[in-house]
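**Q** upload.pdb is reproduced below (PDB, C-alpha atoms, pLDDT in the B column).
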ATOM      1  CA  MET A 276      28.330  10.549 -18.578  1.00 56.00           C
ATOM      2  CA  GLY A 277      27.500  13.538 -16.361  1.00 69.00           C
ATOM      3  CA  ILE A 278      29.014  12.092 -13.184  1.00 81.00           C
ATOM      4  CA  ASN A 279      32.628  11.166 -12.390  1.00 88.00           C
ATOM      5  CA  LEU A 280      33.983   7.919 -11.001  1.00 90.00           C
ATOM      6  CA  TRP A 281      34.527   9.264  -7.470  1.00 93.00           C
ATOM      7  CA  GLU A 282      30.930  10.454  -7.248  1.00 93.00           C
ATOM      8  CA  ILE A 283      29.701   7.069  -8.446  1.00 93.00           C
ATOM      9  CA  ALA A 284      31.809   5.340  -5.786  1.00 95.00           C
ATOM     10  CA  LEU A 285      30.530   7.726  -3.096  1.00 95.00           C
ATOM     11  CA  ARG A 286      26.884   7.132  -3.955  1.00 95.00           C
ATOM     12  CA  LEU A 287      27.228   3.371  -4.159  1.00 95.00           C
ATOM     13  CA  GLY A 288      29.240   3.340  -0.925  1.00 95.00           C
ATOM     14  CA  LEU A 289      26.588   5.337   0.909  1.00 96.00           C
ATOM     15  CA  ALA A 290      23.911   2.995  -0.440  1.00 95.00           C
ATOM     16  CA  VAL A 291      25.823   0.047   1.037  1.00 96.00           C
ATOM     17  CA  ILE A 292      26.055   1.822   4.410  1.00 96.00           C
ATOM     18  CA  PHE A 293      22.432   2.968   4.543  1.00 95.00           C
ATOM     19  CA  GLY A 294      21.056  -0.374   3.386  1.00 93.00           C
ATOM     20  CA  GLY A 295      23.422  -2.255   5.682  1.00 93.00           C
ATOM     21  CA  LEU A 296      22.290  -0.340   8.759  1.00 93.00           C
ATOM     22  CA  VAL A 297      18.646  -1.213   8.174  1.00 92.00           C
ATOM     23  CA  GLY A 298      19.508  -4.756   7.126  1.00 89.00           C
ATOM     24  CA  PHE A 299      21.615  -5.337  10.238  1.00 90.00           C
ATOM     25  CA  GLU A 300      18.631  -4.508  12.447  1.00 87.00           C
ATOM     26  CA  ARG A 301      16.477  -6.988  10.506  1.00 85.00           C
ATOM     27  CA  GLU A 302      19.239  -9.613  10.665  1.00 84.00           C
ATOM     28  CA  THR A 303      19.423  -9.399  14.466  1.00 83.00           C
ATOM     29  CA  HIS A 304      15.723 -10.319  14.590  1.00 76.00           C
ATOM     30  CA  ASN A 305      16.212 -13.326  12.258  1.00 75.00           C
ATOM     31  CA  ARG A 306      13.947 -11.904   9.596  1.00 73.00           C
ATOM     32  CA  PRO A 307      13.677 -13.509   6.115  1.00 67.00           C
ATOM     33  CA  ALA A 308      15.405 -10.521   4.488  1.00 72.00           C
ATOM     34  CA  GLY A 309      18.450  -9.386   6.420  1.00 80.00           C
ATOM     35  CA  PHE A 310      21.818  -7.685   6.082  1.00 88.00           C
ATOM     36  CA  ARG A 311      22.839  -8.732   2.577  1.00 90.00           C
ATOM     37  CA  THR A 312      19.375  -8.419   1.065  1.00 89.00           C
ATOM     38  CA  HIS A 313      18.949  -4.814   2.200  1.00 91.00           C
ATOM     39  CA  ILE A 314      22.430  -3.904   0.959  1.00 94.00           C
ATOM     40  CA  LEU A 315      21.693  -5.411  -2.446  1.00 93.00           C
ATOM     41  CA  VAL A 316      18.330  -3.657  -2.732  1.00 93.00           C
ATOM     42  CA  CYS A 317      19.717  -0.263  -1.694  1.00 94.00           C
ATOM     43  CA  THR A 318      22.816  -0.523  -3.898  1.00 95.00           C
ATOM     44  CA  GLY A 319      20.843  -1.788  -6.880  1.00 93.00           C
ATOM     45  CA  SER A 320      18.325   1.032  -6.527  1.00 92.00           C
ATOM     46  CA  ALA A 321      21.110   3.608  -6.374  1.00 93.00           C
ATOM     47  CA  LEU A 322      22.747   2.171  -9.504  1.00 93.00           C
ATOM     48  CA  ILE A 323      19.455   2.111 -11.414  1.00 90.00           C
ATOM     49  CA  MET A 324      18.830   5.716 -10.422  1.00 90.00           C
ATOM     50  CA  MET A 325      22.245   6.746 -11.742  1.00 90.00           C
ATOM     51  CA  VAL A 326      21.739   4.810 -14.981  1.00 87.00           C
ATOM     52  CA  SER A 327      18.355   6.441 -15.404  1.00 85.00           C
ATOM     53  CA  ALA A 328      19.677   9.952 -14.715  1.00 82.00           C
ATOM     54  CA  TYR A 329      23.093   9.836 -16.393  1.00 82.00           C
ATOM     55  CA  GLY A 330      23.422   6.689 -18.477  1.00 75.00           C
ATOM     56  CA  PHE A 331      21.883   8.004 -21.687  1.00 70.00           C
ATOM     57  CA  LEU A 332      23.149  11.587 -21.806  1.00 67.00           C
ATOM     58  CA  ASN A 333      25.571  10.873 -24.640  1.00 64.00           C
ATOM     59  CA  GLU A 334      23.292   8.566 -26.594  1.00 61.00           C
ATOM     60  CA  PHE A 335      21.045  11.242 -28.088  1.00 59.00           C
ATOM     61  CA  GLY A 336      21.777  14.458 -29.856  1.00 55.00           C
ATOM     62  CA  ALA A 337      20.430  17.934 -29.283  1.00 53.00           C
ATOM     63  CA  GLY A 338      16.673  18.396 -29.165  1.00 56.00           C
ATOM     64  CA  TYR A 339      15.964  15.249 -27.185  1.00 58.00           C
ATOM     65  CA  GLN A 340      14.671  15.557 -23.629  1.00 63.00           C
ATOM     66  CA  LEU A 341      15.211  12.569 -21.338  1.00 65.00           C
ATOM     67  CA  ASP A 342      13.080  11.606 -18.344  1.00 69.00           C
ATOM     68  CA  PRO A 343      15.550  10.635 -15.570  1.00 67.00           C
ATOM     69  CA  GLY A 344      12.834   9.049 -13.462  1.00 69.00           C
ATOM     70  CA  ARG A 345      11.400   6.700 -16.048  1.00 72.00           C
ATOM     71  CA  ILE A 346      13.642   3.680 -15.418  1.00 74.00           C
ATOM     72  CA  ALA A 347      13.943   4.386 -11.694  1.00 74.00           C
ATOM     73  CA  ALA A 348      10.161   4.358 -11.352  1.00 77.00           C
ATOM     74  CA  GLN A 349      10.146   0.651 -12.174  1.00 79.00           C
ATOM     75  CA  VAL A 350      12.144  -0.030  -8.997  1.00 82.00           C
ATOM     76  CA  VAL A 351       9.064   0.653  -6.888  1.00 75.00           C
ATOM     77  CA  THR A 352       7.052  -1.963  -8.782  1.00 76.00           C
ATOM     78  CA  GLY A 353       9.854  -4.523  -8.766  1.00 79.00           C
ATOM     79  CA  ILE A 354      10.531  -4.181  -5.061  1.00 80.00           C
ATOM     80  CA  GLY A 355       6.863  -4.900  -4.379  1.00 71.00           C
ATOM     81  CA  PHE A 356       7.308  -8.455  -5.680  1.00 70.00           C
ATOM     82  CA  LEU A 357      10.477  -8.950  -3.640  1.00 71.00           C
ATOM     83  CA  GLY A 358       8.782  -7.681  -0.482  1.00 66.00           C
ATOM     84  CA  ALA A 359       5.827 -10.004  -1.013  1.00 69.00           C
ATOM     85  CA  GLY A 360       8.224 -12.940  -0.759  1.00 66.00           C
ATOM     86  CA  THR A 361       9.069 -12.035   2.840  1.00 65.00           C
ATOM     87  CA  ILE A 362       5.432 -12.128   3.997  1.00 64.00           C
ATOM     88  CA  LEU A 363       4.459 -15.422   5.601  1.00 57.00           C
ATOM     89  CA  GLN A 364       1.090 -16.686   6.785  1.00 49.00           C
ATOM     90  CA  GLN A 365       1.464 -18.870   9.824  1.00 47.00           C
ATOM     91  CA  ARG A 366      -1.345 -20.310  11.960  1.00 45.00           C
ATOM     92  CA  GLY A 367      -3.775 -17.586  11.074  1.00 44.00           C
ATOM     93  CA  SER A 368      -1.344 -14.700  11.580  1.00 48.00           C
ATOM     94  CA  ILE A 369       0.652 -12.758   9.024  1.00 54.00           C
ATOM     95  CA  ARG A 370       4.362 -12.171   9.581  1.00 63.00           C
ATOM     96  CA  GLY A 371       6.931 -10.245   7.597  1.00 70.00           C
ATOM     97  CA  LEU A 372       5.014  -7.061   6.833  1.00 77.00           C
ATOM     98  CA  THR A 373       7.575  -4.895   8.622  1.00 80.00           C
ATOM     99  CA  THR A 374      10.440  -6.523   6.738  1.00 82.00           C
ATOM    100  CA  ALA A 375       8.615  -6.084   3.435  1.00 83.00           C
ATOM    101  CA  ALA A 376       8.116  -2.407   4.276  1.00 86.00           C
ATOM    102  CA  SER A 377      11.788  -2.027   5.227  1.00 88.00           C
ATOM    103  CA  ILE A 378      12.838  -3.437   1.833  1.00 90.00           C
ATOM    104  CA  TRP A 379      10.514  -0.983   0.109  1.00 90.00           C
ATOM    105  CA  VAL A 380      11.797   2.034   2.030  1.00 92.00           C
ATOM    106  CA  VAL A 381      15.427   0.935   1.559  1.00 93.00           C
ATOM    107  CA  SER A 382      14.845   0.975  -2.200  1.00 92.00           C
ATOM    108  CA  GLY A 383      13.661   4.568  -1.815  1.00 93.00           C
ATOM    109  CA  ILE A 384      16.799   5.395   0.165  1.00 95.00           C
ATOM    110  CA  GLY A 385      18.860   3.868  -2.616  1.00 94.00           C
ATOM    111  CA  LEU A 386      17.082   5.991  -5.234  1.00 93.00           C
ATOM    112  CA  ALA A 387      17.692   9.133  -3.188  1.00 93.00           C
ATOM    113  CA  THR A 388      21.359   8.250  -2.788  1.00 95.00           C
ATOM    114  CA  GLY A 389      21.720   7.499  -6.483  1.00 92.00           C
ATOM    115  CA  ILE A 390      20.429  10.927  -7.495  1.00 91.00           C
ATOM    116  CA  GLY A 391      22.635  12.669  -4.911  1.00 92.00           C
ATOM    117  CA  PHE A 392      19.955  13.547  -2.351  1.00 93.00           C
ATOM    118  CA  TYR A 393      22.237  12.577   0.532  1.00 95.00           C
ATOM    119  CA  SER A 394      20.511  14.498   3.321  1.00 95.00           C
ATOM    120  CA  GLY A 395      17.146  12.928   2.511  1.00 95.00           C
ATOM    121  CA  ALA A 396      18.641   9.426   2.331  1.00 95.00           C
ATOM    122  CA  ALA A 397      20.509   9.844   5.632  1.00 96.00           C
ATOM    123  CA  LEU A 398      17.500  11.266   7.453  1.00 96.00           C
ATOM    124  CA  ALA A 399      15.225   8.534   6.103  1.00 95.00           C
ATOM    125  CA  THR A 400      17.695   5.880   7.288  1.00 95.00           C
ATOM    126  CA  LEU A 401      17.770   7.428  10.760  1.00 95.00           C
ATOM    127  CA  LEU A 402      13.970   7.543  10.967  1.00 94.00           C
ATOM    128  CA  VAL A 403      13.659   3.937   9.770  1.00 92.00           C
ATOM    129  CA  LEU A 404      16.121   2.762  12.429  1.00 92.00           C
ATOM    130  CA  ILE A 405      14.271   4.672  15.137  1.00 91.00           C
ATOM    131  CA  SER A 406      11.017   3.100  13.996  1.00 88.00           C
ATOM    132  CA  LEU A 407      12.419  -0.437  13.943  1.00 86.00           C
ATOM    133  CA  LEU A 408      14.443  -0.193  17.158  1.00 84.00           C
ATOM    134  CA  TYR A 409      12.167   1.788  19.452  1.00 82.00           C
ATOM    135  CA  LEU A 410       8.615   2.084  18.134  1.00 77.00           C
ATOM    136  CA  GLY A 411       8.259  -1.708  18.127  1.00 69.00           C
ATOM    137  CA  ARG A 412       8.886  -1.686  21.871  1.00 69.00           C
ATOM    138  CA  VAL A 413       6.260   0.996  22.352  1.00 67.00           C
ATOM    139  CA  ASP A 414       3.765  -1.110  20.408  1.00 63.00           C
ATOM    140  CA  ARG A 415       4.524  -4.250  22.421  1.00 61.00           C
ATOM    141  CA  LYS A 416       4.563  -2.600  25.845  1.00 63.00           C
ATOM    142  CA  LEU A 417       1.765  -0.054  25.546  1.00 59.00           C
ATOM    143  CA  LEU A 418      -0.524  -0.726  22.628  1.00 56.00           C
ATOM    144  CA  GLN A 419      -0.443  -4.484  22.076  1.00 55.00           C
ATOM    145  CA  LYS A 420      -0.587  -5.330  25.780  1.00 54.00           C
ATOM    146  CA  ARG A 421      -3.924  -3.538  26.050  1.00 57.00           C
ATOM    147  CA  ARG A 422      -5.249  -5.447  23.044  1.00 71.00           C
ATOM    148  CA  ILE A 423      -4.371  -8.983  24.191  1.00 79.00           C
ATOM    149  CA  LYS A 424      -7.432 -10.803  25.553  1.00 84.00           C
ATOM    150  CA  ILE A 425      -7.675 -14.298  27.016  1.00 87.00           C
ATOM    151  CA  LEU A 426     -10.287 -16.667  25.614  1.00 90.00           C
ATOM    152  CA  GLN A 427     -10.913 -20.019  27.321  1.00 90.00           C
ATOM    153  CA  ILE A 428     -13.051 -22.727  25.786  1.00 90.00           C
ATOM    154  CA  LYS A 429     -14.235 -26.038  27.229  1.00 89.00           C
ATOM    155  CA  ALA A 430     -15.583 -28.415  24.619  1.00 88.00           C
ATOM    156  CA  VAL A 431     -16.234 -32.052  23.871  1.00 88.00           C
ATOM    157  CA  ASP A 432     -13.100 -33.516  22.352  1.00 84.00           C
ATOM    158  CA  GLN A 433     -13.767 -34.254  18.693  1.00 83.00           C
ATOM    159  CA  SER A 434     -11.953 -34.370  15.393  1.00 83.00           C
ATOM    160  CA  GLY A 435     -11.415 -30.968  13.763  1.00 83.00           C
ATOM    161  CA  LEU A 436     -12.413 -28.975  16.855  1.00 84.00           C
ATOM    162  CA  LEU A 437      -9.318 -26.767  16.860  1.00 83.00           C
ATOM    163  CA  SER A 438      -9.521 -26.026  13.145  1.00 86.00           C
ATOM    164  CA  ARG A 439     -13.153 -24.902  13.479  1.00 88.00           C
ATOM    165  CA  VAL A 440     -12.365 -22.675  16.450  1.00 89.00           C
ATOM    166  CA  THR A 441      -9.376 -21.206  14.591  1.00 88.00           C
ATOM    167  CA  LYS A 442     -11.520 -20.488  11.541  1.00 89.00           C
ATOM    168  CA  VAL A 443     -14.034 -18.556  13.639  1.00 89.00           C
ATOM    169  CA  ILE A 444     -11.222 -16.526  15.197  1.00 88.00           C
ATOM    170  CA  ASN A 445      -9.624 -15.810  11.817  1.00 86.00           C
ATOM    171  CA  ASP A 446     -12.979 -14.789  10.339  1.00 86.00           C
ATOM    172  CA  SER A 447     -13.328 -12.354  13.240  1.00 85.00           C
ATOM    173  CA  LYS A 448     -10.023 -10.698  12.181  1.00 81.00           C
ATOM    174  CA  LEU A 449      -8.219 -11.733  15.368  1.00 85.00           C
ATOM    175  CA  GLU A 450      -4.623 -12.904  15.727  1.00 82.00           C
ATOM    176  CA  ILE A 451      -3.760 -15.890  17.883  1.00 83.00           C
ATOM    177  CA  LYS A 452      -0.713 -14.907  19.926  1.00 80.00           C
ATOM    178  CA  LYS A 453      -0.439 -18.023  22.085  1.00 82.00           C
ATOM    179  CA  ALA A 454      -2.385 -21.244  22.516  1.00 82.00           C
ATOM    180  CA  TYR A 455      -2.507 -23.662  25.462  1.00 82.00           C
ATOM    181  CA  PHE A 456      -4.197 -27.058  25.622  1.00 78.00           C
ATOM    182  CA  GLN A 457      -5.106 -29.007  28.726  1.00 77.00           C
ATOM    183  CA  ALA A 458      -5.086 -32.792  28.720  1.00 68.00           C
ATOM    184  CA  GLN A 459      -8.340 -34.595  28.044  1.00 72.00           C
ATOM    185  CA  GLU A 460     -10.623 -35.410  30.955  1.00 79.00           C
ATOM    186  CA  TYR A 461     -13.520 -37.786  30.978  1.00 76.00           C
ATOM    187  CA  ASP A 462     -16.848 -36.185  31.881  1.00 76.00           C
ATOM    188  CA  SER A 463     -19.091 -38.851  33.388  1.00 76.00           C
ATOM    189  CA  SER A 464     -22.249 -36.757  32.984  1.00 77.00           C
ATOM    190  CA  LEU A 465     -21.641 -36.442  29.240  1.00 74.00           C
ATOM    191  CA  GLU A 466     -19.896 -39.805  28.943  1.00 77.00           C
ATOM    192  CA  LYS A 467     -17.367 -38.088  26.680  1.00 83.00           C
ATOM    193  CA  ASP A 468     -13.871 -36.656  26.858  1.00 85.00           C
ATOM    194  CA  VAL A 469     -13.653 -32.894  27.231  1.00 88.00           C
ATOM    195  CA  VAL A 470     -10.726 -30.579  26.505  1.00 88.00           C
ATOM    196  CA  ASP A 471      -9.807 -27.071  27.659  1.00 88.00           C
ATOM    197  CA  ILE A 472      -8.325 -24.561  25.207  1.00 89.00           C
ATOM    198  CA  GLU A 473      -6.842 -21.220  26.248  1.00 89.00           C
ATOM    199  CA  LEU A 474      -6.015 -18.645  23.566  1.00 89.00           C
ATOM    200  CA  ALA A 475      -4.286 -15.280  23.860  1.00 86.00           C
ATOM    201  CA  LEU A 476      -5.823 -13.116  21.146  1.00 87.00           C
ATOM    202  CA  VAL A 477      -4.696  -9.768  19.774  1.00 82.00           C
ATOM    203  CA  THR A 478      -7.887  -7.792  19.228  1.00 82.00           C
ATOM    204  CA  PRO A 479      -8.519  -4.581  17.270  1.00 77.00           C
ATOM    205  CA  HIS A 480      -9.042  -1.369  19.223  1.00 71.00           C
ATOM    206  CA  LYS A 481     -12.746  -1.453  18.376  1.00 74.00           C
ATOM    207  CA  PHE A 482     -13.955  -5.016  18.691  1.00 76.00           C
ATOM    208  CA  ASP A 483     -17.433  -6.399  19.366  1.00 80.00           C
ATOM    209  CA  GLU A 484     -16.726  -9.606  21.265  1.00 83.00           C
ATOM    210  CA  SER A 485     -20.405 -10.600  21.300  1.00 84.00           C
ATOM    211  CA  ILE A 486     -20.135 -11.506  17.617  1.00 85.00           C
ATOM    212  CA  LEU A 487     -17.225 -13.821  18.404  1.00 87.00           C
ATOM    213  CA  PHE A 488     -19.177 -15.451  21.244  1.00 88.00           C
ATOM    214  CA  SER A 489     -22.193 -15.955  19.000  1.00 87.00           C
ATOM    215  CA  ARG A 490     -20.119 -17.624  16.297  1.00 87.00           C
ATOM    216  CA  LEU A 491     -18.302 -19.871  18.749  1.00 89.00           C
ATOM    217  CA  SER A 492     -21.579 -20.939  20.325  1.00 86.00           C
ATOM    218  CA  THR A 493     -22.762 -22.345  16.980  1.00 86.00           C
ATOM    219  CA  LEU A 494     -19.939 -24.883  16.966  1.00 87.00           C
ATOM    220  CA  SER A 495     -20.956 -28.354  18.057  1.00 85.00           C
ATOM    221  CA  GLY A 496     -19.583 -29.548  21.370  1.00 85.00           C
ATOM    222  CA  ILE A 497     -18.856 -26.119  22.907  1.00 88.00           C
ATOM    223  CA  LEU A 498     -19.643 -26.395  26.621  1.00 87.00           C
ATOM    224  CA  LYS A 499     -18.218 -23.232  28.124  1.00 88.00           C
ATOM    225  CA  ILE A 500     -16.712 -19.924  27.005  1.00 90.00           C
ATOM    226  CA  VAL A 501     -14.720 -17.701  29.372  1.00 89.00           C
ATOM    227  CA  TRP A 502     -13.633 -14.230  28.218  1.00 87.00           C
ATOM    228  CA  GLN A 503     -11.132 -12.353  30.373  1.00 82.00           C
ATOM    229  CA  GLY A 504     -12.112 -14.473  33.376  1.00 82.00           C
ATOM    230  CA  GLU A 505     -15.847 -13.916  32.895  1.00 84.00           C
ATOM    231  CA  ASP A 506     -18.140 -16.832  32.091  1.00 83.00           C
ATOM    232  CA  ILE A 507     -20.209 -16.412  28.944  1.00 82.00           C
ATOM    233  CA  PRO A 508     -23.503 -18.388  29.135  1.00 70.00           C
ATOM    234  CA  VAL A 509     -23.403 -20.317  25.887  1.00 74.00           C
ATOM    235  CA  TYR A 510     -26.975 -21.556  26.174  1.00 53.00           C
ATOM    236  CA  LYS A 511     -28.298 -17.951  26.201  1.00 42.00           C
ATOM    237  CA  MET A 512     -26.637 -16.977  22.981  1.00 43.00           C
ATOM    238  CA  GLU A 513     -28.633 -16.552  19.835  1.00 43.00           C
ATOM    239  CA  LYS A 514     -27.538 -19.146  17.324  1.00 42.00           C
ATOM    240  CA  ASP A 515     -26.168 -17.725  14.117  1.00 42.00           C
ATOM    241  CA  HIS A 516     -27.712 -19.694  11.271  1.00 37.00           C
TER     242      HIS A 516
END
What do you get writing this file as structure tokens?
**A**
Amino acid sequence: MGINLWEIALRLGLAVIFGGLVGFERETHNRPAGFRTHILVCTGSALIMMVSAYGFLNEFGAGYQLDPGRIAAQVVTGIGFLGAGTILQQRGSIRGLTTAASIWVVSGIGLATGIGFYSGAALATLLVLISLLYLGRVDRKLLQKRRIKILQIKAVDQSGLLSRVTKVINDSKLEIKKAYFQAQEYDSSLEKDVVDIELALVTPHKFDESILFSRLSTLSGILKIVWQGEDIPVYKMEKDH
């Protein structure tokens, strides 16, 4: 073994600290993978790196050349499966990508710690914390706020209406941030109940809303579409067959 007990303890201890710092931030946001998970991933990665680099030095005689990164390289693949377990699909939106990425980067921090690259591991931990603590606020306050658009729909109340509207929105690569429903009202001219739906949508930076309007207009029972307070004349839209 080319590393002493104190060095092993130092590297594993630093892995616990680095992984714990990132995991604590995730834990405070009630994410699927939190404090303990990040510690385990970081510590396990550090141990695997040390086994890969030092564990077989005395097993082979002269003339053999070992690849210290061969076993450690499998950590990247294995962590991918663990990270996938934190990704959830909920009502047309995907959650957990940031946590999955944090698990992946924590495994990298653990590998760096295990090989003794302390400065790189410490700096990476600092940058990850800055990204999680502060850049998320920038995204919510500056970027995402500009991308949230309000879509209002008036339609004849019918079975499966919401699921069809949601499918159109999902097919348009939009995320439903919030949804509001107004109680049914009877329309005497139509002799049917009508319902109002208001959706807050997160749109891409480059988004052609006319395609969304065209697809919505093909749905049966759609009476009115309002986009950002502006009425969209449904009857003028070209039907998308």
**Q** Would you kindly return, as a ChimeraX atom specification, each protein, DNA or RNA residue with an atom no farther than 12 Å from any atom of segment 296-299 of chain A, considering all atoms listed in the file and excluding same-chain residues fewer than 6 positions away?
**A** /A:289-290,305-317,373-382,384-385,397,399-408
**Q** At what distance in Å, to one decimal, does atom CA of Glu300 of chain A lie from atom CA of Trp281 of chain A?
**A** 29.0 Å
**Q** Of the candidates A:Met325, A:Gly294, A:Tyr455, A:Gly496, which one gets nearest to Leu280 of chain A if we count only C-alpha atoms?
**A**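 Of A:Met325, A:Gly294, A:Tyr455, A:Gly496, the one nearest Leu280 of chain A, counting only C-alpha atoms, is A:Met325.
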**Q** Please report the interatomic distance between atom CA of Ser495 of chain A and atom CA of Lys467 of chain A in Å with one decimal.
**A**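 So the two atoms, atom CA of Ser495 of chain A and atom CA of Lys467 of chain A, lie 13.5 Å apart.
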**Q** Apply the PyMOL selection byres ((chain A and resi 454) around 9) to the file shown and report the selected residues as a list in words.
**A** Ile451, Lys452, Lys453, Tyr455, Phe456, Ile472, Glu473, Leu474, Ala475 and Leu476 of chain A
**Q** Would you compute the distance between atom CA of Ser320 of chain A and atom CA of Ala284 of chain A? Give it in Å to one decimal.
**A**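 Atom CA of Ala284 of chain A lies at a distance of 14.2 Å from atom CA of Ser320 of chain A.
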**Q** Contacts of Met324 of chain A at 10 Å or less, counting all atoms listed in the file, minus same-chain residues fewer than 3 places along, as a PDB file with C-alpha atoms, in the frame of the given file?
**A**
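The resulting file, selection_34.pdb, is shown below:
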ATOM      1  CA  THR A 318      22.816  -0.523  -3.898  1.00 95.00           C
ATOM      2  CA  GLY A 319      20.843  -1.788  -6.880  1.00 93.00           C
ATOM      3  CA  SER A 320      18.325   1.032  -6.527  1.00 92.00           C
ATOM      4  CA  ALA A 321      21.110   3.608  -6.374  1.00 93.00           C
ATOM      5  CA  SER A 327      18.355   6.441 -15.404  1.00 85.00           C
ATOM      6  CA  ALA A 328      19.677   9.952 -14.715  1.00 82.00           C
ATOM      7  CA  TYR A 329      23.093   9.836 -16.393  1.00 82.00           C
ATOM      8  CA  GLY A 330      23.422   6.689 -18.477  1.00 75.00           C
ATOM      9  CA  PRO A 343      15.550  10.635 -15.570  1.00 67.00           C
ATOM     10  CA  GLY A 344      12.834   9.049 -13.462  1.00 69.00           C
ATOM     11  CA  ARG A 345      11.400   6.700 -16.048  1.00 72.00           C
ATOM     12  CA  ILE A 346      13.642   3.680 -15.418  1.00 74.00           C
ATOM     13  CA  ALA A 347      13.943   4.386 -11.694  1.00 74.00           C
ATOM     14  CA  ALA A 348      10.161   4.358 -11.352  1.00 77.00           C
ATOM     15  CA  VAL A 350      12.144  -0.030  -8.997  1.00 82.00           C
ATOM     16  CA  GLY A 385      18.860   3.868  -2.616  1.00 94.00           C
ATOM     17  CA  LEU A 386      17.082   5.991  -5.234  1.00 93.00           C
ATOM     18  CA  ALA A 387      17.692   9.133  -3.188  1.00 93.00           C
ATOM     19  CA  THR A 388      21.359   8.250  -2.788  1.00 95.00           C
ATOM     20  CA  GLY A 389      21.720   7.499  -6.483  1.00 92.00           C
ATOM     21  CA  ILE A 390      20.429  10.927  -7.495  1.00 91.00           C
ATOM     22  CA  GLY A 391      22.635  12.669  -4.911  1.00 92.00           C
TER      23      GLY A 391
END
**Q** Please report, as JSON, the centre and edge lengths in Å to one decimal of an axis-aligned box covering all listed atoms of segment 399-412 of chain A with 3 Å per side.
**A**
{"center_x": 13.0, "center_y": 3.4, "center_z": 14.0, "size_x": 15.5, "size_y": 16.2, "size_z": 21.8}
**Q** Written as a PyMOL selection string, what is the full residue list that the PyMOL selection byres ((chain A and resi 448) around 12) yields on the file shown?
**A** chain A and resi 367-369+441-447+449-451+476-484+486-487
**Q** I want to know what sits within 8 Å of Val431 of chain A, based on only C-alpha atoms, with residues of the same chain fewer than 5 positions away left out; could you give that as a VMD selection string?
**A** chain A and resid 467 to 470 496 to 498
**Q** With C-alpha atoms retained, could you export that selection as a CSV table (one decimal), in the frame of the given file?
**A**
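Now in result.csv:
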chain,number,residue,atom,x,y,z
A,467,LYS,CA,-17.4,-38.1,26.7
A,468,ASP,CA,-13.9,-36.7,26.9
A,469,VAL,CA,-13.7,-32.9,27.2
A,470,VAL,CA,-10.7,-30.6,26.5
A,496,GLY,CA,-19.6,-29.5,21.4
A,497,ILE,CA,-18.9,-26.1,22.9
A,498,LEU,CA,-19.6,-26.4,26.6
**Q** Give me, as number ranges by chain, all polymer residues having an atom no more than 12 Å from Ile500 of chain A, counting all atoms listed in the file and skipping those fewer than 4 positions away in the same chain.
**A** A: 425-430, 440, 471-474, 484-485, 487-494, 496, 504-512
**Q** Can you spit out the residues from that selection as a tab-separated table (two decimals), in the frame of the given file, using C-alpha atoms?
**A**
chain	number	residue	atom	x	y	z
A	425	ILE	CA	-7.68	-14.30	27.02
A	426	LEU	CA	-10.29	-16.67	25.61
A	427	GLN	CA	-10.91	-20.02	27.32
A	428	ILE	CA	-13.05	-22.73	25.79
A	429	LYS	CA	-14.24	-26.04	27.23
A	430	ALA	CA	-15.58	-28.42	24.62
A	440	VAL	CA	-12.36	-22.68	16.45
A	471	ASP	CA	-9.81	-27.07	27.66
A	472	ILE	CA	-8.32	-24.56	25.21
A	473	GLU	CA	-6.84	-21.22	26.25
A	474	LEU	CA	-6.02	-18.64	23.57
A	484	GLU	CA	-16.73	-9.61	21.26
A	485	SER	CA	-20.40	-10.60	21.30
A	487	LEU	CA	-17.23	-13.82	18.40
A	488	PHE	CA	-19.18	-15.45	21.24
A	489	SER	CA	-22.19	-15.96	19.00
A	490	ARG	CA	-20.12	-17.62	16.30
A	491	LEU	CA	-18.30	-19.87	18.75
A	492	SER	CA	-21.58	-20.94	20.32
A	493	THR	CA	-22.76	-22.34	16.98
A	494	LEU	CA	-19.94	-24.88	16.97
A	496	GLY	CA	-19.58	-29.55	21.37
A	504	GLY	CA	-12.11	-14.47	33.38
A	505	GLU	CA	-15.85	-13.92	32.90
A	506	ASP	CA	-18.14	-16.83	32.09
A	507	ILE	CA	-20.21	-16.41	28.94
A	508	PRO	CA	-23.50	-18.39	29.14
A	509	VAL	CA	-23.40	-20.32	25.89
A	510	TYR	CA	-26.98	-21.56	26.17
A	511	LYS	CA	-28.30	-17.95	26.20
A	512	MET	CA	-26.64	-16.98	22.98
**Q** Find the residue from A:Phe331, A:Phe293, A:Trp502, A:Phe392 that sits nearest to Ile423 of chain A; use all atoms listed in the file when measuring.
**A**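 Distance minimum relative to Ile423 of chain A lands on A:Trp502.
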